[in-house]
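Asks: Sharing protein.cif (mmCIF, C-alpha atoms) below.
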data_target
loop_
_atom_site.group_PDB
_atom_site.id
_atom_site.type_symbol
_atom_site.label_atom_id
_atom_site.label_comp_id
_atom_site.auth_asym_id
_atom_site.auth_seq_id
_atom_site.Cartn_x
_atom_site.Cartn_y
_atom_site.Cartn_z
ATOM 1 C CA MET A 1 -58.240 43.127 -42.430
ATOM 2 C CA THR A 2 -58.782 46.860 -42.780
ATOM 3 C CA PRO A 3 -60.115 48.179 -46.134
ATOM 4 C CA GLN A 4 -56.608 49.372 -47.005
ATOM 5 C CA GLN A 5 -55.127 45.962 -46.202
ATOM 6 C CA VAL A 6 -57.725 44.331 -48.454
ATOM 7 C CA ILE A 7 -56.655 46.599 -51.319
ATOM 8 C CA GLU A 8 -52.998 45.802 -50.640
ATOM 9 C CA PHE A 9 -53.815 42.089 -50.615
ATOM 10 C CA TRP A 10 -55.376 42.179 -54.083
ATOM 11 C CA ASN A 11 -52.643 44.432 -55.443
ATOM 12 C CA ASN A 12 -50.001 41.964 -54.213
ATOM 13 C CA TYR A 13 -51.959 38.932 -55.392
ATOM 14 C CA ALA A 14 -52.902 40.288 -58.835
ATOM 15 C CA ASP A 15 -50.003 38.688 -60.718
ATOM 16 C CA ASN A 16 -50.729 35.279 -59.188
ATOM 17 C CA TYR A 17 -54.507 35.355 -59.603
ATOM 18 C CA THR A 18 -55.912 32.627 -61.814
ATOM 19 C CA SER A 19 -59.428 31.829 -62.989
ATOM 20 C CA PHE A 20 -58.513 28.214 -63.782
ATOM 21 C CA GLN A 21 -60.743 26.862 -61.011
ATOM 22 C CA GLN A 22 -63.780 28.322 -62.810
ATOM 23 C CA GLY A 23 -63.171 26.227 -65.922
ATOM 24 C CA ASP A 24 -65.721 27.002 -68.634
ATOM 25 C CA MET A 25 -68.320 28.361 -66.202
ATOM 26 C CA PRO A 26 -67.713 32.076 -66.967
ATOM 27 C CA GLU A 27 -68.501 31.517 -70.659
ATOM 28 C CA ARG A 28 -71.605 29.489 -69.839
ATOM 29 C CA ILE A 29 -72.823 32.024 -67.293
ATOM 30 C CA ILE A 30 -72.435 34.952 -69.680
ATOM 31 C CA GLU A 31 -74.180 32.992 -72.450
ATOM 32 C CA ARG A 32 -77.046 32.213 -70.080
ATOM 33 C CA LEU A 33 -77.483 35.862 -69.104
ATOM 34 C CA PHE A 34 -77.949 36.819 -72.749
ATOM 35 C CA GLU A 35 -80.170 33.804 -73.483
ATOM 36 C CA THR A 36 -82.557 34.898 -70.729
ATOM 37 C CA GLU A 37 -82.231 38.572 -71.780
ATOM 38 C CA VAL A 38 -81.100 39.517 -68.302
ATOM 39 C CA LEU A 39 -78.390 41.255 -70.320
ATOM 40 C CA LYS A 40 -78.930 42.765 -73.767
ATOM 41 C CA PRO A 41 -76.531 44.152 -76.398
ATOM 42 C CA ASP A 42 -77.713 47.750 -75.914
ATOM 43 C CA TYR A 43 -77.135 47.709 -72.134
ATOM 44 C CA SER A 44 -74.669 49.769 -70.158
ATOM 45 C CA VAL A 45 -73.241 47.511 -67.443
ATOM 46 C CA LEU A 46 -71.446 48.181 -64.167
ATOM 47 C CA GLU A 47 -69.241 45.259 -63.163
ATOM 48 C CA VAL A 48 -68.347 45.236 -59.482
ATOM 49 C CA GLY A 49 -65.019 43.625 -58.580
ATOM 50 C CA SER A 50 -63.907 43.076 -62.155
ATOM 51 C CA GLY A 51 -60.467 41.805 -61.134
ATOM 52 C CA PRO A 52 -58.243 40.963 -64.116
ATOM 53 C CA GLY A 53 -61.244 40.545 -66.411
ATOM 54 C CA THR A 54 -62.442 36.937 -66.218
ATOM 55 C CA TYR A 55 -65.992 38.119 -66.964
ATOM 56 C CA SER A 56 -65.213 41.597 -68.313
ATOM 57 C CA LEU A 57 -63.510 40.319 -71.446
ATOM 58 C CA ARG A 58 -66.525 38.128 -72.206
ATOM 59 C CA LEU A 59 -69.025 40.890 -71.487
ATOM 60 C CA ALA A 60 -67.317 43.709 -73.409
ATOM 61 C CA PRO A 61 -67.986 42.534 -76.991
ATOM 62 C CA ASN A 62 -71.639 41.901 -76.170
ATOM 63 C CA VAL A 63 -72.782 45.133 -74.480
ATOM 64 C CA ARG A 64 -72.879 48.813 -75.382
ATOM 65 C CA ILE A 65 -70.765 50.092 -72.457
ATOM 66 C CA LEU A 66 -68.982 48.151 -69.723
ATOM 67 C CA THR A 67 -67.690 49.969 -66.650
ATOM 68 C CA CYS A 68 -65.194 47.845 -64.709
ATOM 69 C CA MET A 69 -64.930 48.790 -61.044
ATOM 70 C CA ASP A 70 -62.234 47.464 -58.756
ATOM 71 C CA SER A 71 -60.353 48.831 -55.751
ATOM 72 C CA SER A 72 -57.104 47.172 -56.899
ATOM 73 C CA GLU A 73 -55.126 49.261 -59.356
ATOM 74 C CA ASN A 74 -52.949 46.276 -60.257
ATOM 75 C CA MET A 75 -55.978 44.161 -61.136
ATOM 76 C CA LEU A 76 -57.272 46.914 -63.398
ATOM 77 C CA ASP A 77 -53.848 47.291 -65.018
ATOM 78 C CA ILE A 78 -53.915 43.609 -65.984
ATOM 79 C CA LEU A 79 -57.483 43.896 -67.265
ATOM 80 C CA PHE A 80 -56.859 46.980 -69.364
ATOM 81 C CA LYS A 81 -53.740 45.515 -70.899
ATOM 82 C CA SER A 82 -56.045 42.839 -72.332
ATOM 83 C CA VAL A 83 -58.671 45.440 -73.262
ATOM 84 C CA LYS A 84 -56.051 47.304 -75.268
ATOM 85 C CA GLU A 85 -54.808 44.143 -76.966
ATOM 86 C CA LYS A 86 -58.355 43.235 -77.991
ATOM 87 C CA GLU A 87 -59.001 46.834 -79.083
ATOM 88 C CA TYR A 88 -62.228 47.150 -77.117
ATOM 89 C CA THR A 89 -63.323 50.791 -77.109
ATOM 90 C CA ASN A 90 -66.459 50.441 -74.981
ATOM 91 C CA VAL A 91 -64.780 49.551 -71.662
ATOM 92 C CA GLU A 92 -64.351 52.134 -68.911
ATOM 93 C CA ARG A 93 -61.867 51.901 -66.048
ATOM 94 C CA PHE A 94 -63.251 52.753 -62.600
ATOM 95 C CA LEU A 95 -60.803 52.575 -59.690
ATOM 96 C CA ALA A 96 -63.039 52.716 -56.618
ATOM 97 C CA ASP A 97 -64.039 50.881 -53.454
ATOM 98 C CA TRP A 98 -67.517 49.416 -53.961
ATOM 99 C CA ASN A 99 -68.208 49.671 -50.231
ATOM 100 C CA LYS A 100 -67.755 53.456 -50.409
ATOM 101 C CA TYR A 101 -69.439 53.988 -53.766
ATOM 102 C CA THR A 102 -72.446 56.317 -53.892
ATOM 103 C CA PRO A 103 -74.710 54.633 -56.439
ATOM 104 C CA LYS A 104 -76.575 56.322 -59.250
ATOM 105 C CA LYS A 105 -79.250 54.761 -61.450
ATOM 106 C CA GLY A 106 -77.033 55.303 -64.443
ATOM 107 C CA TYR A 107 -76.623 51.696 -65.589
ATOM 108 C CA ASP A 108 -78.969 49.192 -67.160
ATOM 109 C CA ALA A 109 -77.404 46.331 -65.238
ATOM 110 C CA CYS A 110 -75.086 45.780 -62.301
ATOM 111 C CA ILE A 111 -73.147 42.531 -62.011
ATOM 112 C CA ALA A 112 -70.933 41.426 -59.113
ATOM 113 C CA THR A 113 -68.578 38.626 -60.098
ATOM 114 C CA LEU A 114 -66.914 36.845 -57.177
ATOM 115 C CA CYS A 115 -66.736 40.153 -55.321
ATOM 116 C CA PRO A 116 -66.191 39.607 -51.566
ATOM 117 C CA GLY A 117 -69.088 41.009 -49.556
ATOM 118 C CA SER A 118 -71.376 41.457 -52.543
ATOM 119 C CA GLY A 119 -74.037 39.365 -50.833
ATOM 120 C CA SER A 120 -74.445 41.711 -47.867
ATOM 121 C CA GLU A 121 -77.639 43.710 -47.429
ATOM 122 C CA GLU A 122 -75.749 46.984 -47.971
ATOM 123 C CA SER A 123 -74.252 45.695 -51.217
ATOM 124 C CA LEU A 124 -77.572 44.375 -52.526
ATOM 125 C CA ILE A 125 -79.194 47.755 -51.899
ATOM 126 C CA ARG A 126 -76.261 49.500 -53.567
ATOM 127 C CA MET A 127 -76.608 47.245 -56.602
ATOM 128 C CA GLU A 128 -80.303 48.046 -56.909
ATOM 129 C CA ARG A 129 -79.580 51.750 -56.685
ATOM 130 C CA SER A 130 -77.028 51.406 -59.479
ATOM 131 C CA ALA A 131 -79.129 49.525 -62.030
ATOM 132 C CA ARG A 132 -82.427 50.139 -63.782
ATOM 133 C CA ARG A 133 -83.139 46.708 -65.275
ATOM 134 C CA SER A 134 -81.016 43.853 -63.902
ATOM 135 C CA CYS A 135 -78.927 42.904 -60.876
ATOM 136 C CA ILE A 136 -76.678 39.864 -61.074
ATOM 137 C CA ILE A 137 -74.454 38.059 -58.574
ATOM 138 C CA VAL A 138 -71.999 35.317 -59.508
ATOM 139 C CA SER A 139 -70.467 33.520 -56.529
ATOM 140 C CA TRP A 140 -68.794 30.302 -55.533
ATOM 141 C CA TYR A 141 -70.774 27.436 -54.077
ATOM 142 C CA ALA A 142 -67.856 25.018 -53.909
ATOM 143 C CA ASN A 143 -64.289 25.688 -55.033
ATOM 144 C CA HIS A 144 -62.052 22.805 -54.077
ATOM 145 C CA GLY A 145 -59.087 24.795 -55.277
ATOM 146 C CA ASP A 146 -59.407 26.642 -51.970
ATOM 147 C CA ASP A 147 -59.252 23.474 -49.865
ATOM 148 C CA LEU A 148 -55.498 23.916 -49.473
ATOM 149 C CA ASN A 149 -55.950 27.492 -48.284
ATOM 150 C CA GLU A 150 -58.356 26.331 -45.573
ATOM 151 C CA LYS A 151 -56.024 23.528 -44.471
ATOM 152 C CA ILE A 152 -53.051 25.901 -44.239
ATOM 153 C CA TRP A 153 -55.024 28.156 -41.902
ATOM 154 C CA LYS A 154 -55.880 25.172 -39.699
ATOM 155 C CA GLU A 155 -52.178 24.272 -39.498
ATOM 156 C CA LEU A 156 -51.581 27.875 -38.406
ATOM 157 C CA GLY A 157 -54.162 27.458 -35.639
ATOM 158 C CA ARG A 158 -57.045 29.326 -37.230
ATOM 159 C CA ASP A 159 -60.351 27.744 -38.140
ATOM 160 C CA TYR A 160 -61.238 29.584 -41.343
ATOM 161 C CA SER A 161 -63.697 27.856 -43.655
ATOM 162 C CA TYR A 162 -65.659 28.648 -46.813
ATOM 163 C CA ASP A 163 -68.991 27.374 -45.484
ATOM 164 C CA ILE A 164 -70.488 30.838 -46.024
ATOM 165 C CA ARG A 165 -70.525 30.065 -49.739
ATOM 166 C CA LYS A 166 -73.480 27.767 -49.145
ATOM 167 C CA SER A 167 -75.377 30.524 -47.353
ATOM 168 C CA THR A 168 -78.855 31.427 -48.615
ATOM 169 C CA GLY A 169 -78.504 35.008 -47.355
ATOM 170 C CA VAL A 170 -78.939 36.649 -50.761
ATOM 171 C CA GLN A 171 -82.010 34.591 -51.624
ATOM 172 C CA ASP A 172 -83.483 35.222 -48.166
ATOM 173 C CA TRP A 173 -83.053 38.997 -48.482
ATOM 174 C CA LEU A 174 -84.557 39.064 -51.959
ATOM 175 C CA ARG A 175 -87.495 36.927 -50.875
ATOM 176 C CA GLU A 176 -88.113 38.954 -47.703
ATOM 177 C CA ASN A 177 -88.127 42.159 -49.731
ATOM 178 C CA GLY A 178 -90.556 40.937 -52.350
ATOM 179 C CA ARG A 179 -88.124 40.463 -55.238
ATOM 180 C CA GLU A 180 -88.658 37.787 -57.828
ATOM 181 C CA PHE A 181 -85.334 36.151 -58.598
ATOM 182 C CA LYS A 182 -83.778 33.216 -60.383
ATOM 183 C CA LEU A 183 -81.076 30.969 -58.963
ATOM 184 C CA GLU A 184 -79.114 28.740 -61.332
ATOM 185 C CA MET A 185 -76.252 26.406 -60.531
ATOM 186 C CA PHE A 186 -73.235 25.656 -62.725
ATOM 187 C CA ASN A 187 -70.518 23.077 -62.255
ATOM 188 C CA THR A 188 -67.397 21.881 -64.012
ATOM 189 C CA ARG A 189 -64.812 19.197 -63.418
ATOM 190 C CA ILE A 190 -61.288 20.522 -62.883
ATOM 191 C CA ILE A 191 -58.441 18.145 -63.693
ATOM 192 C CA GLN A 192 -55.080 19.769 -63.241
ATOM 193 C CA ASP A 193 -51.403 18.836 -62.909
ATOM 194 C CA VAL A 194 -49.474 21.727 -61.378
ATOM 195 C CA PRO A 195 -45.807 22.006 -60.394
ATOM 196 C CA LEU A 196 -45.513 22.085 -56.617
ATOM 197 C CA THR A 197 -43.203 25.101 -56.920
ATOM 198 C CA GLU A 198 -45.969 27.069 -58.657
ATOM 199 C CA ILE A 199 -48.467 26.313 -55.887
ATOM 200 C CA ILE A 200 -45.940 27.288 -53.216
ATOM 201 C CA LYS A 201 -45.289 30.601 -54.972
ATOM 202 C CA ARG A 202 -49.007 31.385 -55.268
ATOM 203 C CA GLU A 203 -49.898 30.439 -51.700
ATOM 204 C CA LYS A 204 -46.901 32.259 -50.207
ATOM 205 C CA SER A 205 -47.981 35.382 -52.072
ATOM 206 C CA ALA A 206 -51.495 35.131 -50.654
ATOM 207 C CA PHE A 207 -50.462 34.418 -47.071
ATOM 208 C CA LYS A 208 -47.780 37.117 -47.112
ATOM 209 C CA ALA A 209 -50.591 39.661 -47.385
ATOM 210 C CA TYR A 210 -51.951 38.292 -44.100
ATOM 211 C CA GLY A 211 -48.569 38.656 -42.436
ATOM 212 C CA GLN A 212 -47.865 34.906 -42.627
ATOM 213 C CA LYS A 213 -44.468 34.077 -44.108
ATOM 214 C CA ASP A 214 -43.472 30.571 -43.037
ATOM 215 C CA VAL A 215 -46.001 28.435 -44.898
ATOM 216 C CA GLU A 216 -43.808 26.580 -47.411
ATOM 217 C CA ASP A 217 -43.201 23.553 -45.177
ATOM 218 C CA ILE A 218 -46.902 23.387 -44.355
ATOM 219 C CA ILE A 219 -47.825 23.391 -48.056
ATOM 220 C CA ILE A 220 -45.340 20.611 -48.843
ATOM 221 C CA LYS A 221 -46.656 18.515 -45.938
ATOM 222 C CA LEU A 222 -50.307 18.938 -46.956
ATOM 223 C CA LEU A 223 -49.738 18.209 -50.638
ATOM 224 C CA GLU A 224 -47.383 15.271 -50.162
ATOM 225 C CA PRO A 225 -50.128 12.611 -50.668
ATOM 226 C CA CYS A 226 -51.027 13.978 -54.135
ATOM 227 C CA THR A 227 -47.521 14.960 -55.289
ATOM 228 C CA LYS A 228 -45.404 12.817 -57.598
ATOM 229 C CA ASP A 229 -42.119 13.904 -59.145
ATOM 230 C CA GLY A 230 -42.796 17.480 -58.098
ATOM 231 C CA ILE A 231 -46.241 17.592 -59.749
ATOM 232 C CA VAL A 232 -49.492 17.956 -57.808
ATOM 233 C CA HIS A 233 -52.587 16.283 -59.287
ATOM 234 C CA PHE A 234 -56.032 17.753 -58.686
ATOM 235 C CA ASP A 235 -59.342 16.222 -59.764
ATOM 236 C CA HIS A 236 -62.484 17.828 -58.345
ATOM 237 C CA LEU A 237 -65.933 19.211 -59.160
ATOM 238 C CA ASN A 238 -66.356 22.954 -58.642
ATOM 239 C CA GLU A 239 -69.736 24.710 -58.459
ATOM 240 C CA MET A 240 -70.919 28.282 -58.867
ATOM 241 C CA LYS A 241 -74.269 29.955 -58.374
ATOM 242 C CA LEU A 242 -75.863 32.640 -60.501
ATOM 243 C CA ILE A 243 -78.583 34.835 -59.002
ATOM 244 C CA TYR A 244 -80.376 37.529 -60.982
ATOM 245 C CA TRP A 245 -83.379 39.764 -60.416
ATOM 246 C CA LYS A 246 -85.048 42.984 -61.430
ATOM 247 C CA PRO A 247 -84.360 45.803 -58.950
ATOM 248 C CA ALA A 248 -87.165 47.665 -57.239
ATOM 249 C CA GLU A 249 -88.065 50.915 -58.980
#
Go ahead and express the file in the form of structure tokens.
Replies:
Amino acid sequence: MTPQQVIEFWNNYADNYTSFQQGDMPERIIERLFETEVLKPDYSVLEVGSGPGTYSLRLAPNVRILTCMDSSENMLDILFKSVKEKEYTNVERFLADWNKYTPKKGYDACIATLCPGSGSEESLIRMERSARRSCIIVSWYANHGDDLNEKIWKELGRDYSYDIRKSTGVQDWLRENGREFKLEMFNTRIIQDVPLTEIIKREKSAFKAYGQKDVEDIIIKLLEPCTKDGIVHFDHLNEMKLIYWKPAE
């Protein structure tokens, strides 16, 4: 997709986005970052790809200033509705495309939370140029909530997989460039009973952004083995990886 199509995708998908597949991992990850003093209460933090605030709303009460960057206006609208409700006054809205952002060393820390492309060399360099003390990446290692998405694509004749999540590209770049880093893994068991109609609505919204409209029958066919009385049962172990390091001066 073009950059504009990516923005349109997230704008269209914003209302259907859910962090359920992450379970309690966001809370544990944020707690760990403060335990290790990778983040500190007096820090100013740039969050890349904040989305609707899965991590933002946990970071905000614990840092001095939090700047939430996202290229999706709808995602930021959802986030800042929550910011207003919680009466946080230290959160800044930053509507911008990270891939076009000209970094400045104006932040103590830069954190990318499930931001597509954040593991590229260009993004890693941009993160280091944005932060003085800490760079942090939170990414999926295994999200079985996406298994259906992958299977739908295969039914449509496209072999799209999430194998890249197990890539060691970030660690390799950091190691090759002399950075000392920490890698920590988190996992949680997700047990969920979801109405089939809800899954159809969510998946149709996602695939519509790719120009695919006729996916309802495919979804019903794929989920038939785990559907009973219109309810789909999921039981799987999801994993995330946390990587953090001190940027080069």
Asks: Compare A:Met69, A:Leu76, A:Val170, A:Leu39 by their minimum atom-to-atom distance to Lys100 (chain A), counting all atoms listed in the file, and give me the closest one.
Replies: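 Ranked by minimum distance to Lys100 (chain A), first place goes to A:Met69.
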Asks: Can you pull out every residue within 12 Å of Ile136 (chain A), counting all atoms listed in the file, but drop anything in the same chain fewer than 2 positions away, and send it as a PyMOL selection string?
Replies: chain A and resi 29-30+32-33+38-39+45-48+108-115+118-119+123-124+127-128+130-131+133-134+138-139+170+181-184+241-247
Asks: With C-alpha atoms retained, export the selected residues as a PDB file, keeping the file's coordinate frame.
Replies:
ATOM      1  CA  ILE A  29     -72.823  32.024 -67.293  1.00  0.00           C
ATOM      2  CA  ILE A  30     -72.435  34.952 -69.680  1.00  0.00           C
ATOM      3  CA  ARG A  32     -77.046  32.213 -70.080  1.00  0.00           C
ATOM      4  CA  LEU A  33     -77.483  35.862 -69.104  1.00  0.00           C
ATOM      5  CA  VAL A  38     -81.100  39.517 -68.302  1.00  0.00           C
ATOM      6  CA  LEU A  39     -78.390  41.255 -70.320  1.00  0.00           C
ATOM      7  CA  VAL A  45     -73.241  47.511 -67.443  1.00  0.00           C
ATOM      8  CA  LEU A  46     -71.446  48.181 -64.167  1.00  0.00           C
ATOM      9  CA  GLU A  47     -69.241  45.259 -63.163  1.00  0.00           C
ATOM     10  CA  VAL A  48     -68.347  45.236 -59.482  1.00  0.00           C
ATOM     11  CA  ASP A 108     -78.969  49.192 -67.160  1.00  0.00           C
ATOM     12  CA  ALA A 109     -77.404  46.331 -65.238  1.00  0.00           C
ATOM     13  CA  CYS A 110     -75.086  45.780 -62.301  1.00  0.00           C
ATOM     14  CA  ILE A 111     -73.147  42.531 -62.011  1.00  0.00           C
ATOM     15  CA  ALA A 112     -70.933  41.426 -59.113  1.00  0.00           C
ATOM     16  CA  THR A 113     -68.578  38.626 -60.098  1.00  0.00           C
ATOM     17  CA  LEU A 114     -66.914  36.845 -57.177  1.00  0.00           C
ATOM     18  CA  CYS A 115     -66.736  40.153 -55.321  1.00  0.00           C
ATOM     19  CA  SER A 118     -71.376  41.457 -52.543  1.00  0.00           C
ATOM     20  CA  GLY A 119     -74.037  39.365 -50.833  1.00  0.00           C
ATOM     21  CA  SER A 123     -74.252  45.695 -51.217  1.00  0.00           C
ATOM     22  CA  LEU A 124     -77.572  44.375 -52.526  1.00  0.00           C
ATOM     23  CA  MET A 127     -76.608  47.245 -56.602  1.00  0.00           C
ATOM     24  CA  GLU A 128     -80.303  48.046 -56.909  1.00  0.00           C
ATOM     25  CA  SER A 130     -77.028  51.406 -59.479  1.00  0.00           C
ATOM     26  CA  ALA A 131     -79.129  49.525 -62.030  1.00  0.00           C
ATOM     27  CA  ARG A 133     -83.139  46.708 -65.275  1.00  0.00           C
ATOM     28  CA  SER A 134     -81.016  43.853 -63.902  1.00  0.00           C
ATOM     29  CA  VAL A 138     -71.999  35.317 -59.508  1.00  0.00           C
ATOM     30  CA  SER A 139     -70.467  33.520 -56.529  1.00  0.00           C
ATOM     31  CA  VAL A 170     -78.939  36.649 -50.761  1.00  0.00           C
ATOM     32  CA  PHE A 181     -85.334  36.151 -58.598  1.00  0.00           C
ATOM     33  CA  LYS A 182     -83.778  33.216 -60.383  1.00  0.00           C
ATOM     34  CA  LEU A 183     -81.076  30.969 -58.963  1.00  0.00           C
ATOM     35  CA  GLU A 184     -79.114  28.740 -61.332  1.00  0.00           C
ATOM     36  CA  LYS A 241     -74.269  29.955 -58.374  1.00  0.00           C
ATOM     37  CA  LEU A 242     -75.863  32.640 -60.501  1.00  0.00           C
ATOM     38  CA  ILE A 243     -78.583  34.835 -59.002  1.00  0.00           C
ATOM     39  CA  TYR A 244     -80.376  37.529 -60.982  1.00  0.00           C
ATOM     40  CA  TRP A 245     -83.379  39.764 -60.416  1.00  0.00           C
ATOM     41  CA  LYS A 246     -85.048  42.984 -61.430  1.00  0.00           C
ATOM     42  CA  PRO A 247     -84.360  45.803 -58.950  1.00  0.00           C
TER      43      PRO A 247
END
Asks: For the structure provided, state which residues fall under the PyMOL selection byres ((chain A and resi 2-11) around 12), and present them as a ChimeraX atom specification.
Replies: /A:1,12-17,49-52,70-78,95-100,115-117,205-211
Asks: Tell me which protein, DNA and RNA residues are within 10 Å of Pro61 (chain A), counting all atoms listed in the file, leaving out same-chain ones fewer than 2 positions away, and put them as a short mmCIF file (atom, residue, chain, number, x, y, z; two decimals) with C-alpha atoms, in the coordinates of the input.
Replies:
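The file below, result-v3.cif, is the result:
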data_model
loop_
_atom_site.label_atom_id
_atom_site.label_comp_id
_atom_site.auth_asym_id
_atom_site.auth_seq_id
_atom_site.Cartn_x
_atom_site.Cartn_y
_atom_site.Cartn_z
CA PRO A 41 -76.53 44.15 -76.40
CA SER A 56 -65.21 41.60 -68.31
CA LEU A 57 -63.51 40.32 -71.45
CA ARG A 58 -66.53 38.13 -72.21
CA LEU A 59 -69.03 40.89 -71.49
CA VAL A 63 -72.78 45.13 -74.48
CA ARG A 64 -72.88 48.81 -75.38
CA ILE A 65 -70.76 50.09 -72.46
CA LEU A 66 -68.98 48.15 -69.72
CA LYS A 86 -58.36 43.24 -77.99
CA TYR A 88 -62.23 47.15 -77.12
CA THR A 89 -63.32 50.79 -77.11
CA ASN A 90 -66.46 50.44 -74.98
CA VAL A 91 -64.78 49.55 -71.66
#
Asks: Give me, please, the distance in Å between CA of Glu203 (chain A) and CA of His233 (chain A), quoted to one decimal.
Replies: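 Distance between the two atoms: 16.3 Å.
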Asks: Using only C-alpha atoms, which residues sit within 12 Å of Leu156 (chain A) once same-chain residues fewer than 2 positions away are excluded, as a VMD selection string?
Replies: chain A and resid 149 to 154 158 to 160 207 210 to 219
Asks: Please, what distance in Å, to one decimal, runs between CA of His236 (chain A) and CA of Asp193 (chain A)?
Replies: 12.0 Å
Asks: Rounded to one decimal place, report the CA of Ile190 (chain A)-CA of Arg28 (chain A) distance in Å.
Replies: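 Separating CA of Ile190 (chain A) from CA of Arg28 (chain A) is a distance of 15.3 Å.
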Asks: Which residue out of A:Met240, A:Gly106, A:Cys135, A:Pro195 has the minimum interatomic distance to Arg165 (chain A) when all atoms listed in the file are used?
Replies: A:Met240
Asks: Measuring atom to atom with only C-alpha atoms, identify which of A:Asn187, A:Glu121, A:Glu155, A:Glu224 is nearest to Asp172 (chain A).
Replies: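 Of A:Asn187, A:Glu121, A:Glu155, A:Glu224, the one nearest Asp172 (chain A) is A:Glu121, counting only C-alpha atoms.
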Asks: With only C-alpha atoms as the basis for distance, which of A:Leu148, A:Ile164, A:Thr188, A:Arg132 is at the shortest distance from Ala248 (chain A)?
Replies: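 The shortest atom-to-atom distance to Ala248 (chain A) comes from A:Arg132.
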Asks: Name the closest residue to Thr67 (chain A) among the candidates A:Pro225, A:Gly53, A:Gly23, A:Gly178; distances are taken between atoms, counting only C-alpha atoms.
Replies: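 Comparing A:Pro225, A:Gly53, A:Gly23, A:Gly178 against Thr67 (chain A), the winner is A:Gly53.
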Asks: Let me make sure I understand: among A:Ala142, A:Ile125, A:Met25, A:Leu79, which one has the smallest atom-to-atom distance to Glu249 (chain A) if we use all atoms listed in the file?
Replies: A:Ile125
Asks: Which residues are near Phe20 (chain A)? Cut-off 10 Å, all atoms listed in the file, ignore same chain within fewer than 5 positions. Put them as a list in words.
Replies: Thr54, Gly145, Ile190 and Gln192 of chain A
Asks: Residues around (-57.1, 14.2, -60.9), cut-off 6 Å, counting only C-alpha atoms - what are they as a list in words?
Replies: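 Selection result: Ile191, His233, Phe234 and Asp235 of chain A.
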Asks: Would you mind exporting C-alpha atoms of the selected residues as a compact mmCIF listing (two decimals), in the frame of the given file?
Replies:
# COMPACT_ATOMS: atom_id res chain seq x y z
CA ILE A 191 -58.44 18.14 -63.69
CA HIS A 233 -52.59 16.28 -59.29
CA PHE A 234 -56.03 17.75 -58.69
CA ASP A 235 -59.34 16.22 -59.76
Asks: Counting all atoms listed in the file, find residues at most 8 Å from (-59.1, 27.6, -59.7) (file frame) and give them as a PDB file with C-alpha atoms, in the coordinates of the input.
Replies:
ATOM      1  CA  THR A  18     -55.912  32.627 -61.814  1.00  0.00           C
ATOM      2  CA  SER A  19     -59.428  31.829 -62.989  1.00  0.00           C
ATOM      3  CA  PHE A  20     -58.513  28.214 -63.782  1.00  0.00           C
ATOM      4  CA  GLN A  21     -60.743  26.862 -61.011  1.00  0.00           C
ATOM      5  CA  GLN A  22     -63.780  28.322 -62.810  1.00  0.00           C
ATOM      6  CA  GLY A  23     -63.171  26.227 -65.922  1.00  0.00           C
ATOM      7  CA  ASN A 143     -64.289  25.688 -55.033  1.00  0.00           C
ATOM      8  CA  HIS A 144     -62.052  22.805 -54.077  1.00  0.00           C
ATOM      9  CA  GLY A 145     -59.087  24.795 -55.277  1.00  0.00           C
ATOM     10  CA  ASP A 146     -59.407  26.642 -51.970  1.00  0.00           C
TER      11      ASP A 146
END
